[in-house]
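K.L.:
Dropping in final14.txt, which is compact mmCIF, C-alpha atoms:
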```
# COMPACT_ATOMS: atom_id res chain seq x y z
CA MET A 207 50.48 103.42 107.17
CA LYS A 208 51.98 105.58 104.45
CA LYS A 209 55.27 107.39 104.77
CA MET A 210 57.39 109.73 102.69
CA PRO A 211 59.19 108.10 99.70
CA LYS A 212 62.81 107.12 100.34
CA TRP A 213 64.12 109.27 97.48
CA ALA A 214 62.56 112.35 99.05
CA ASP A 215 64.17 111.54 102.39
CA VAL A 216 67.69 110.96 101.08
CA LEU A 217 67.75 113.41 98.15
CA LEU A 218 65.00 116.03 98.14
CA ILE A 219 65.26 117.18 101.76
CA PRO A 220 69.09 117.53 101.77
CA VAL A 221 68.91 119.50 98.50
CA ILE A 222 66.31 121.87 99.98
CA ASN A 223 68.36 122.23 103.16
CA LEU A 224 71.50 123.01 101.18
CA THR A 225 69.66 125.49 98.96
CA LEU A 226 68.38 127.31 102.04
CA ALA A 227 71.87 127.33 103.58
CA PHE A 228 73.42 128.82 100.43
CA LEU A 229 70.60 131.36 100.05
CA ILE A 230 71.11 132.59 103.61
CA SER A 231 74.89 132.57 103.08
CA GLY A 232 74.36 134.65 99.93
CA LEU A 233 72.38 137.21 101.92
CA VAL A 234 75.17 137.38 104.51
CA ILE A 235 77.79 137.92 101.78
CA TRP A 236 75.59 140.55 100.15
CA ALA A 237 75.15 142.26 103.53
CA ILE A 238 78.92 142.83 103.88
CA GLY A 239 79.02 144.44 100.44
CA LYS A 240 80.22 141.51 98.33
CA ASP A 241 78.59 139.97 95.26
CA PRO A 242 77.17 136.51 96.17
CA TRP A 243 77.30 135.34 92.55
CA VAL A 244 80.98 136.21 92.26
CA ALA A 245 81.60 134.51 95.61
CA ILE A 246 80.01 131.21 94.59
CA LYS A 247 81.77 131.36 91.21
CA THR A 248 85.11 131.86 93.00
CA MET A 249 84.41 128.92 95.31
CA VAL A 250 83.48 126.55 92.47
CA GLN A 251 86.37 127.68 90.27
CA GLY A 252 88.85 127.44 93.16
CA SER A 253 87.65 123.96 94.20
CA PHE A 254 87.06 122.22 90.88
CA GLY A 255 88.37 124.60 88.20
CA ASP A 256 91.88 123.11 87.96
CA SER A 257 93.84 120.13 89.25
CA ARG A 258 95.42 122.16 92.06
CA GLY A 259 92.04 123.15 93.50
CA LEU A 260 90.63 119.67 92.90
CA GLY A 261 93.65 118.15 94.66
CA TYR A 262 93.05 120.24 97.76
CA THR A 263 89.30 119.52 97.68
CA LEU A 264 89.91 115.76 97.50
CA TYR A 265 92.54 116.02 100.25
CA TYR A 266 89.99 117.58 102.62
CA THR A 267 87.33 115.15 101.39
CA THR A 268 89.57 112.23 102.36
CA ASN A 269 89.88 113.56 105.92
CA PHE A 270 86.12 114.00 106.23
CA ILE A 271 85.34 110.53 104.84
CA PHE A 272 87.38 108.93 107.63
CA THR A 273 85.92 111.05 110.42
CA GLY A 274 82.38 110.89 108.95
CA LEU A 275 82.51 107.09 108.87
CA ALA A 276 83.83 107.09 112.45
CA VAL A 277 80.76 109.00 113.63
CA ALA A 278 78.40 106.98 111.41
CA VAL A 279 79.39 103.53 112.71
CA ALA A 280 78.89 104.69 116.31
CA SER A 281 75.57 106.30 115.38
CA HIS A 282 74.26 102.98 114.08
CA ALA A 283 74.73 101.69 117.64
CA ARG A 284 73.07 104.88 118.95
CA LEU A 285 76.38 106.13 120.35
CA PHE A 286 77.21 109.79 119.77
CA ASN A 287 80.98 109.68 119.38
CA ILE A 288 82.19 113.26 119.24
CA GLY A 289 85.74 112.25 120.12
CA GLY A 290 86.89 111.91 116.51
CA GLU A 291 89.19 114.89 116.94
CA GLY A 292 91.12 113.25 119.77
CA GLN A 293 91.07 109.80 118.18
CA ALA A 294 92.47 111.22 114.91
CA THR A 295 95.12 113.10 116.91
CA ILE A 296 96.28 109.95 118.68
CA GLY A 297 95.99 108.02 115.41
CA GLY A 298 98.55 110.49 114.07
CA LEU A 299 100.88 109.49 116.89
CA GLY A 300 100.54 105.85 115.88
CA VAL A 301 101.27 106.63 112.23
CA ALA A 302 104.28 108.77 113.16
CA LEU A 303 105.78 106.11 115.45
CA VAL A 304 105.41 103.49 112.71
CA CYS A 305 106.92 105.75 110.04
CA LEU A 306 109.86 106.79 112.26
CA ALA A 307 110.55 103.31 113.60
CA LEU A 308 112.17 101.89 110.46
CA PRO A 309 113.98 103.15 107.33
CA TRP A 310 111.09 101.97 105.13
CA PRO A 311 112.35 100.89 101.70
CA HIS A 312 109.05 101.58 99.89
CA TRP A 313 105.64 103.09 100.59
CA THR A 314 103.89 99.81 99.71
CA LEU A 315 105.38 98.39 102.92
CA ALA A 316 105.05 101.55 105.00
CA LEU A 317 101.37 102.22 104.17
CA PRO A 318 99.88 98.94 105.52
CA ALA A 319 101.96 99.31 108.69
CA ALA A 320 100.84 102.93 109.09
CA VAL A 321 97.20 101.91 108.54
CA ILE A 322 97.52 99.39 111.37
CA GLY A 323 99.32 101.89 113.60
CA GLY A 324 96.80 104.68 113.05
CA ALA A 325 93.78 102.41 113.47
CA LEU A 326 95.15 100.76 116.62
CA PHE A 327 96.03 104.04 118.32
CA GLY A 328 92.68 105.61 117.37
CA ALA A 329 90.81 102.54 118.61
CA ALA A 330 92.80 102.47 121.83
CA TRP A 331 91.88 106.11 122.50
CA ALA A 332 88.19 105.27 121.99
CA ALA A 333 88.40 102.15 124.15
CA ILE A 334 88.39 104.01 127.48
CA PRO A 335 85.19 106.04 126.83
CA ALA A 336 83.65 102.83 125.42
CA TYR A 337 84.46 100.90 128.59
CA LEU A 338 83.19 103.71 130.81
CA GLN A 339 79.92 103.84 128.83
CA ALA A 340 79.43 100.07 128.70
CA LYS A 341 80.45 99.13 132.23
CA ARG A 342 80.08 102.29 134.32
CA GLY A 343 77.25 104.12 132.60
CA SER A 344 79.32 107.26 131.92
CA HIS A 345 77.83 109.33 129.11
CA ILE A 346 79.80 108.81 125.92
CA VAL A 347 79.37 112.46 124.87
CA ILE A 348 80.99 113.80 128.03
CA THR A 349 83.87 111.33 128.07
CA THR A 350 84.71 111.71 124.37
CA ILE A 351 84.68 115.52 124.71
CA MET A 352 87.10 115.32 127.62
CA PHE A 353 89.32 112.88 125.74
CA ASN A 354 89.62 115.40 122.91
CA PHE A 355 91.20 117.86 125.34
CA ILE A 356 93.39 115.17 126.90
CA ALA A 357 94.62 114.10 123.45
CA ALA A 358 95.54 117.69 122.55
CA ALA A 359 97.41 118.16 125.83
CA LEU A 360 99.19 114.81 125.50
CA MET A 361 100.25 115.56 121.95
CA GLY A 362 101.59 118.97 122.98
CA TYR A 363 103.65 117.38 125.75
CA LEU A 364 105.03 114.64 123.53
CA LEU A 365 105.94 116.96 120.68
CA VAL A 366 107.65 119.49 122.96
CA ASN A 367 109.40 117.13 125.37
CA VAL A 368 109.77 113.69 123.80
CA LEU A 369 109.42 113.52 120.03
CA LYS A 370 110.85 116.87 118.95
CA GLU A 371 113.97 116.71 116.84
CA PRO A 372 116.99 118.12 118.80
CA GLY A 373 117.92 121.60 117.60
CA ASN A 374 114.53 122.22 115.97
CA MET A 375 112.53 125.08 117.47
CA ALA A 376 109.20 123.87 116.07
CA ALA A 377 107.13 121.36 118.06
CA GLU A 378 107.24 118.58 115.48
CA THR A 379 108.97 115.29 114.82
CA ARG A 380 111.71 114.85 112.28
CA SER A 381 110.59 114.19 108.71
CA PHE A 382 109.61 110.64 107.82
CA PRO A 383 112.09 108.60 105.73
CA PRO A 384 111.76 108.83 101.92
CA GLY A 385 110.40 105.28 101.79
CA ALA A 386 107.33 106.41 103.75
CA HIS A 387 106.41 109.02 101.12
CA LEU A 388 102.91 108.29 99.76
CA PRO A 389 102.36 108.84 96.03
CA THR A 390 100.37 111.96 95.24
CA PHE A 391 97.79 112.17 92.46
CA HIS A 392 100.48 113.84 90.35
CA GLU A 393 102.73 110.79 90.72
CA MET A 394 99.87 108.28 90.39
CA LEU A 395 98.44 109.75 87.19
CA ALA A 396 101.71 110.64 85.43
CA PRO A 397 102.27 107.06 84.07
CA PHE A 398 98.88 107.35 82.31
CA GLY A 399 99.82 110.64 80.70
CA ILE A 400 97.36 112.60 82.86
CA ALA A 401 98.72 115.90 84.16
CA PHE A 402 97.89 116.77 87.77
CA ASN A 403 99.29 119.63 89.82
CA LYS A 404 102.32 118.36 91.74
CA ASN A 405 101.73 120.73 94.67
CA ALA A 406 98.21 119.42 95.40
CA PRO A 407 98.23 117.27 98.58
CA ALA A 408 95.68 114.65 97.43
CA ASN A 409 97.36 111.27 97.63
CA ILE A 410 96.69 107.54 97.63
CA SER A 411 94.93 107.85 101.00
CA PHE A 412 91.87 108.88 98.99
CA LEU A 413 91.69 105.34 97.57
CA VAL A 414 92.05 103.91 101.09
CA ALA A 415 89.11 106.10 102.14
CA ILE A 416 87.03 104.74 99.24
CA LEU A 417 87.87 101.19 100.36
CA CYS A 418 86.73 102.12 103.86
CA LEU A 419 83.39 103.34 102.45
CA ILE A 420 82.90 99.98 100.74
CA GLY A 421 84.02 98.09 103.85
CA PHE A 422 81.63 100.16 105.97
CA TYR A 423 78.69 99.19 103.74
CA ILE A 424 79.61 95.49 103.88
CA LEU A 425 80.13 95.59 107.64
CA ILE A 426 76.89 97.36 108.54
CA TRP A 427 74.48 95.81 106.03
CA LYS A 428 76.00 92.46 105.07
CA THR A 429 77.46 90.96 108.23
CA ARG A 430 76.10 89.53 111.48
CA LEU A 431 78.07 92.09 113.50
CA GLY A 432 76.57 94.93 111.47
CA TYR A 433 73.09 93.52 112.06
CA ALA A 434 73.79 93.35 115.80
CA ILE A 435 75.03 96.97 115.79
CA ARG A 436 71.92 98.18 113.96
CA ALA A 437 69.59 96.10 116.12
CA PHE A 438 71.20 97.48 119.27
CA GLY A 439 70.87 101.01 117.89
CA GLN A 440 67.19 100.54 117.08
CA SER A 441 66.17 99.00 120.40
CA GLU A 442 68.47 97.94 123.21
CA THR A 443 65.64 96.00 124.87
CA ALA A 444 64.88 93.99 121.73
CA ALA A 445 68.60 93.44 121.14
CA VAL A 446 69.08 92.03 124.63
CA TYR A 447 66.03 89.81 124.14
CA ALA A 448 67.69 88.51 120.94
CA GLY A 449 70.86 87.64 122.85
CA ILE A 450 72.97 90.65 121.83
CA SER A 451 75.31 91.88 124.55
CA PRO A 452 75.08 95.68 125.04
CA VAL A 453 78.58 95.79 126.55
CA LYS A 454 80.11 93.88 123.65
CA ILE A 455 78.37 95.91 120.95
CA THR A 456 79.13 99.25 122.64
CA VAL A 457 82.84 98.46 122.93
CA ILE A 458 83.15 96.97 119.43
CA ALA A 459 81.29 99.85 117.75
CA MET A 460 83.46 102.42 119.54
CA LEU A 461 86.67 100.54 118.70
CA ILE A 462 85.74 100.52 115.00
CA SER A 463 84.76 104.18 115.25
CA GLY A 464 88.05 105.16 116.88
CA GLY A 465 90.01 103.08 114.39
CA LEU A 466 88.38 104.85 111.43
CA ALA A 467 89.11 108.25 112.98
CA GLY A 468 92.72 107.21 113.56
CA LEU A 469 93.05 106.24 109.90
CA MET A 470 92.69 109.89 108.95
CA ALA A 471 96.33 110.33 109.95
CA ILE A 472 97.60 108.45 106.91
CA ASN A 473 96.28 111.36 104.84
CA ASN A 474 97.26 114.43 106.84
CA VAL A 475 100.29 113.19 108.79
CA MET A 476 101.85 110.64 106.43
CA GLY A 477 100.53 111.87 103.10
CA GLU A 478 100.69 115.67 103.48
CA ALA A 479 102.93 116.87 106.34
CA GLU A 480 105.23 113.79 106.27
CA ARG A 481 105.95 114.44 109.95
CA LEU A 482 103.85 114.81 113.08
CA ILE A 483 102.94 118.41 113.90
CA LEU A 484 100.70 120.14 116.41
CA ASN A 485 97.02 120.48 115.50
CA SER A 486 97.39 118.30 112.42
CA VAL A 487 93.69 117.31 112.59
CA GLU A 488 92.50 120.93 112.18
CA GLY A 489 88.92 120.30 113.27
CA ALA A 490 88.21 117.45 110.85
CA GLY A 491 87.03 115.31 113.77
CA PHE A 492 84.22 117.74 114.51
CA ILE A 493 83.31 118.16 110.82
CA GLY A 494 82.87 114.38 110.73
CA ILE A 495 79.79 114.79 112.94
CA ALA A 496 78.14 117.03 110.34
CA VAL A 497 79.24 114.72 107.52
CA ALA A 498 77.62 111.70 109.20
CA LEU A 499 74.44 113.61 110.02
CA MET A 500 74.10 114.97 106.53
CA GLY A 501 75.03 111.64 104.93
CA ARG A 502 72.35 109.81 106.97
CA ASN A 503 75.08 107.41 108.20
CA HIS A 504 75.18 105.78 104.75
CA PRO A 505 78.49 105.45 102.84
CA VAL A 506 77.14 107.15 99.70
CA GLY A 507 75.74 110.00 101.78
CA VAL A 508 78.98 110.25 103.77
CA PHE A 509 81.01 110.51 100.54
CA LEU A 510 78.78 113.24 99.09
CA ALA A 511 78.72 115.17 102.36
CA ALA A 512 82.51 114.87 102.71
CA LEU A 513 82.91 116.17 99.16
CA LEU A 514 80.61 119.09 99.99
CA PHE A 515 82.66 120.03 103.04
CA GLY A 516 85.86 119.56 101.05
CA PHE A 517 84.42 122.07 98.59
CA LEU A 518 83.51 124.45 101.43
CA TYR A 519 87.02 124.22 102.93
CA GLN A 520 88.90 124.74 99.68
CA GLY A 521 86.36 127.19 98.24
CA GLY A 522 86.42 129.13 101.50
CA ALA A 523 90.19 129.46 101.33
CA GLU A 524 89.87 130.79 97.76
CA LEU A 525 87.23 133.29 98.90
CA ALA A 526 89.49 134.59 101.64
CA LEU A 527 92.40 134.85 99.19
CA TRP A 528 90.76 136.44 96.14
CA GLU A 529 87.65 138.20 97.47
CA SER A 530 89.01 139.34 100.86
CA ILE A 531 86.05 137.71 102.58
CA PRO A 532 86.97 137.01 106.22
CA ARG A 533 87.75 133.42 107.14
CA GLU A 534 85.20 133.73 109.92
CA LEU A 535 82.45 134.15 107.33
CA ILE A 536 83.44 130.82 105.79
CA VAL A 537 82.92 129.26 109.21
CA VAL A 538 79.47 130.90 109.24
CA ILE A 539 78.61 129.29 105.90
CA GLN A 540 79.78 125.89 107.17
CA GLY A 541 77.75 126.45 110.32
CA LEU A 542 74.63 127.25 108.31
CA VAL A 543 75.01 124.01 106.35
CA ILE A 544 75.41 122.04 109.58
CA LEU A 545 72.52 123.88 111.22
CA LEU A 546 70.04 123.33 108.39
CA THR A 547 71.04 119.74 107.60
CA GLY A 548 71.31 118.65 111.21
CA ALA A 549 69.70 120.64 113.98
CA LEU A 550 66.92 122.20 111.86
CA ASP A 551 66.34 119.21 109.60
CA ASN A 552 62.78 118.78 110.86
CA MET A 553 61.95 122.36 109.91
CA VAL A 554 62.01 121.22 106.26
CA ARG A 555 61.19 117.55 106.76
CA ALA A 556 57.85 118.03 108.54
CA PRO A 557 56.11 120.17 105.86
CA ILE A 558 57.54 118.10 102.98
CA GLU A 559 56.35 114.90 104.61
CA LYS A 560 52.93 116.43 105.18
CA LEU A 561 52.73 117.44 101.51
CA PHE A 562 53.50 113.91 100.31
CA LEU A 563 50.98 112.35 102.68
CA THR A 564 48.30 114.95 101.85
CA PHE A 565 48.53 114.34 98.12
CA GLY A 566 48.74 110.56 98.53
CA LYS A 567 52.25 110.12 97.13
CA GLY A 568 53.67 108.37 100.14
CA GLU A 569 54.88 104.78 100.21
CA ALA A 570 52.91 102.15 102.08
```
So, in terms of structure tokens, how does the structure I just supplied come out?

P.N.:
Amino acid sequence: MKKMPKWADVLLIPVINLTLAFLISGLVIWAIGKDPWVAIKTMVQGSFGDSRGLGYTLYYTTNFIFTGLAVAVASHARLFNIGGEGQATIGGLGVALVCLALPWPHWTLALPAAVIGGALFGAAWAAIPAYLQAKRGSHIVITTIMFNFIAAALMGYLLVNVLKEPGNMAAETRSFPPGAHLPTFHEMLAPFGIAFNKNAPANISFLVAILCLIGFYILIWKTRLGYAIRAFGQSETAAVYAGISPVKITVIAMLISGGLAGLMAINNVMGEAERLILNSVEGAGFIGIAVALMGRNHPVGVFLAALLFGFLYQGGAELALWESIPRELIVVIQGLVILLTGALDNMVRAPIEKLFLTFGKGEA
């Protein structure tokens, strides 16, 4: 039986979906009296035109890589983890407690400890929905949604009543010690004589995210655990017949997923804010769902999708600043990308697949 070529599935269809999303977005921009060509030029220039814009784009990309991988690893086990927002929030608590616990002498010591703290807290927050799904049959979507709200409420309580610095009106912790400061791209590239804007928030967390992409590939496609996760995701009945425990795989996949979401905090909490603040995740947990969907749960796809959403975030901010286009319209553009690459994917996929099969270009 023939099927559509792999390259068409992973490349052609996403490109068509994105083209449609940007065409519709252009019509919306034109409808409110703005020039779509100027808008896209402003977005590209503001995101990649200089090191400041690139630094912000890569900062957002780093967040989305972590949350996209979190959703992707659960998806391979056919678990729809939409609790990345809460897991990243609690991961931020873990990073903050680690950073505030000691007067760290250097970031090379603080970063590994913060990685462990963020991953452990994120995994712990995912453990309860995982247990309820595996042992009690509770739907993972419902429980992870509720845990997002619980995490937000818990963080508000802790920052107002427990962790807030005395005398400070803002609901935030005190600043982390200087030894917990992560090097920014400006500081990393200066020894090589490469100038990079010192105000851009992109930092060494980006390299940690790249390592996670590589680790994700090795885990899912090169290890026995990854094989068990994929087998369970393809067919629970076949997996059980092969001796794979559904409870074990469900819990392990969700723990890894929560840990990856919690790792996002080393970028936004430790790398950018350098203290724990309210709403530090800023919706990146939800964007991770779109990133994983668009990236087909593959590390290369997740990276490209995260970069696209980083571009949309930074380019959208530039549009609002220079073209007076409402921020809400940027959300509409992001929504169109998510809609066409996720929910309406089959609208493009079905006719393209039919074309390939009709003209005999499919793979056997």

K.L.:
Quick one: everything within 12 Å of A:Lys454, counting all atoms listed in the file, minus sequence neighbours fewer than 5 positions away in the same chain. Send it as a list of chain:residue names.

P.N.:
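Residues meeting the cut-off are A:Ala283, A:Ala333, A:Ala336, A:Tyr337, A:Gln339, A:Ala340, A:Lys341, A:Leu431, A:Ala434, A:Ile435, A:Phe438, A:Ala445, A:Val446, A:Gly449, A:Ala459, A:Met460, A:Leu461.
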
K.L.:
Between A:Val321, A:Val279, A:Val543, A:Ala408, which is the closest to A:Gly421 once you count all atoms listed in the file?

P.N.:
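Closest candidate: A:Val279.
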
K.L.:
Could you list as a list in words every residue that has an atom within 12 Å of (74.4, 99.8, 104.3), using the file's coordinates and counting all atoms listed in the file?

P.N.:
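Looking at atoms near the point gives Leu275, Ala278, Val279, His282, Leu419, Ile420, Gly421, Phe422, Tyr423, Ile424, Leu425, Ile426, Trp427, Lys428, Thr429, Gly432, Tyr433, Ile435, Arg436, Gly501, Arg502, Asn503, His504, Pro505, Val506, Gly507 and Val508 of chain A.
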
K.L.:
Could you give me, as a PyMOL selection string, the residues that sit within 12 Å of (82.9, 136.3, 103.8) in the file's coordinates, counting all atoms listed in the file?

P.N.:
chain A and resi 231-242+244-246+248-249+521-540

K.L.:
Those same residues - C-alpha atoms - I'd like them written as a PDB file, in the coordinates of the input.

P.N.:
```
ATOM      1  CA  SER A 231      74.890 132.570 103.080  1.00  0.00           C
ATOM      2  CA  GLY A 232      74.360 134.650  99.930  1.00  0.00           C
ATOM      3  CA  LEU A 233      72.380 137.210 101.920  1.00  0.00           C
ATOM      4  CA  VAL A 234      75.170 137.380 104.510  1.00  0.00           C
ATOM      5  CA  ILE A 235      77.790 137.920 101.780  1.00  0.00           C
ATOM      6  CA  TRP A 236      75.590 140.550 100.150  1.00  0.00           C
ATOM      7  CA  ALA A 237      75.150 142.260 103.530  1.00  0.00           C
ATOM      8  CA  ILE A 238      78.920 142.830 103.880  1.00  0.00           C
ATOM      9  CA  GLY A 239      79.020 144.440 100.440  1.00  0.00           C
ATOM     10  CA  LYS A 240      80.220 141.510  98.330  1.00  0.00           C
ATOM     11  CA  ASP A 241      78.590 139.970  95.260  1.00  0.00           C
ATOM     12  CA  PRO A 242      77.170 136.510  96.170  1.00  0.00           C
ATOM     13  CA  VAL A 244      80.980 136.210  92.260  1.00  0.00           C
ATOM     14  CA  ALA A 245      81.600 134.510  95.610  1.00  0.00           C
ATOM     15  CA  ILE A 246      80.010 131.210  94.590  1.00  0.00           C
ATOM     16  CA  THR A 248      85.110 131.860  93.000  1.00  0.00           C
ATOM     17  CA  MET A 249      84.410 128.920  95.310  1.00  0.00           C
ATOM     18  CA  GLY A 521      86.360 127.190  98.240  1.00  0.00           C
ATOM     19  CA  GLY A 522      86.420 129.130 101.500  1.00  0.00           C
ATOM     20  CA  ALA A 523      90.190 129.460 101.330  1.00  0.00           C
ATOM     21  CA  GLU A 524      89.870 130.790  97.760  1.00  0.00           C
ATOM     22  CA  LEU A 525      87.230 133.290  98.900  1.00  0.00           C
ATOM     23  CA  ALA A 526      89.490 134.590 101.640  1.00  0.00           C
ATOM     24  CA  LEU A 527      92.400 134.850  99.190  1.00  0.00           C
ATOM     25  CA  TRP A 528      90.760 136.440  96.140  1.00  0.00           C
ATOM     26  CA  GLU A 529      87.650 138.200  97.470  1.00  0.00           C
ATOM     27  CA  SER A 530      89.010 139.340 100.860  1.00  0.00           C
ATOM     28  CA  ILE A 531      86.050 137.710 102.580  1.00  0.00           C
ATOM     29  CA  PRO A 532      86.970 137.010 106.220  1.00  0.00           C
ATOM     30  CA  ARG A 533      87.750 133.420 107.140  1.00  0.00           C
ATOM     31  CA  GLU A 534      85.200 133.730 109.920  1.00  0.00           C
ATOM     32  CA  LEU A 535      82.450 134.150 107.330  1.00  0.00           C
ATOM     33  CA  ILE A 536      83.440 130.820 105.790  1.00  0.00           C
ATOM     34  CA  VAL A 537      82.920 129.260 109.210  1.00  0.00           C
ATOM     35  CA  VAL A 538      79.470 130.900 109.240  1.00  0.00           C
ATOM     36  CA  ILE A 539      78.610 129.290 105.900  1.00  0.00           C
ATOM     37  CA  GLN A 540      79.780 125.890 107.170  1.00  0.00           C
TER      38      GLN A 540
END
```

K.L.:
For a quick check of understanding, using all atoms listed in the file, which of A:Leu482, A:Ala359, A:Val497, A:Val250 has the smallest distance to A:Ala377?

P.N.:
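Checking each candidate against A:Ala377, we get A:Leu482 as the closest.
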
K.L.:
Restricting the calculation to all atoms listed in the file, which member of A:Leu264, A:Val366, A:Met476, A:Val554 is positioned closest to A:Ala316?

P.N.:
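Closest to A:Ala316, using all atoms listed in the file: A:Met476.
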
K.L.:
Could you jot down the atom CA of A:Leu306 to atom CA of A:Ala320 separation for me, Å, one decimal place?

P.N.:
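Interatomic distance, atom CA of A:Leu306 to atom CA of A:Ala320: 10.3 Å.
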
K.L.:
Atom CA of A:Leu299 and atom CA of A:Asn474, how far apart in Å?

P.N.:
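Result for atom CA of A:Asn474 versus atom CA of A:Leu299: 11.8 Å, one decimal.
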
K.L.:
Hey, what's within 7 Å of A:Gly494 if we count all atoms listed in the file and toss same-chain stuff fewer than 5 positions away? As a PDB file with C-alpha atoms, in the coordinates of the input, please?

P.N.:
```
ATOM      1  CA  PHE A 270      86.120 114.000 106.230  1.00  0.00           C
ATOM      2  CA  THR A 273      85.920 111.050 110.420  1.00  0.00           C
ATOM      3  CA  GLY A 274      82.380 110.890 108.950  1.00  0.00           C
ATOM      4  CA  VAL A 277      80.760 109.000 113.630  1.00  0.00           C
TER       5      VAL A 277
END
```

K.L.:
Mind giving me the straight-line distance from atom CA of A:His312 to atom CA of A:Gly468 in Å, one decimal?

P.N.:
22.0 Å

K.L.:
Which residues are close to stretch 462-465 of chain A, i.e. within 9 Å by all atoms listed in the file, leaving aside same-chain residues fewer than 6 positions away? Reply as number ranges by chain.

P.N.:
A: 273, 275-280, 287, 289-290, 293-294, 297, 322, 324-333

K.L.:
From the list A:Ile230, A:Met470, A:Ala448, A:Ala302, which residue is nearest A:Ser411 when using all atoms listed in the file?

P.N.:
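Smallest distance to A:Ser411 is found for A:Met470.
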
K.L.:
Using all atoms listed in the file, can you tell me which of A:Leu395, A:Met375, A:Val457, A:Ala511 comes closest to A:Leu285?

P.N.:
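Closest residue, counting all atoms listed in the file: A:Val457.
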
K.L.:
Given the choices A:Leu561, A:Met210, A:Leu360, A:Val487, which gets closest to A:Val475 if the distance is worked out from only C-alpha atoms?

P.N.:
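Looking only at the distances to A:Val475, the closest residue turns out to be A:Val487.
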
K.L.:
Give me the residues near A:Tyr266 as number ranges by chain, where near means some atom within 9 Å (using all atoms listed in the file) and where sequence neighbours in that chain fewer than 3 positions away do not count.

P.N.:
A: 261-263, 269-271, 408, 474, 490, 512-513, 515-517, 519-520

K.L.:
Excluding A:Gly385 and residues on its chain fewer than 3 positions from it, collect all residues at most 6 Å away from it, counting only C-alpha atoms, and give them as a list in words.

P.N.:
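Once the nearby chain positions are removed, what remains is Trp310, Pro311, His312 and Trp313 of chain A.
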
K.L.:
Give, as AutoDock Vina command-line options, the centre coordinates and the x, y and z edge lengths in Å to one decimal for an axis-aligned box around all listed atoms of stretch 379-383 of chain A, padded by 3 Å on each side.

P.N.:
```
--center_x 110.5 --center_y 111.9 --center_z 110.3 --size_x 9.1 --size_y 12.7 --size_z 15.1
```
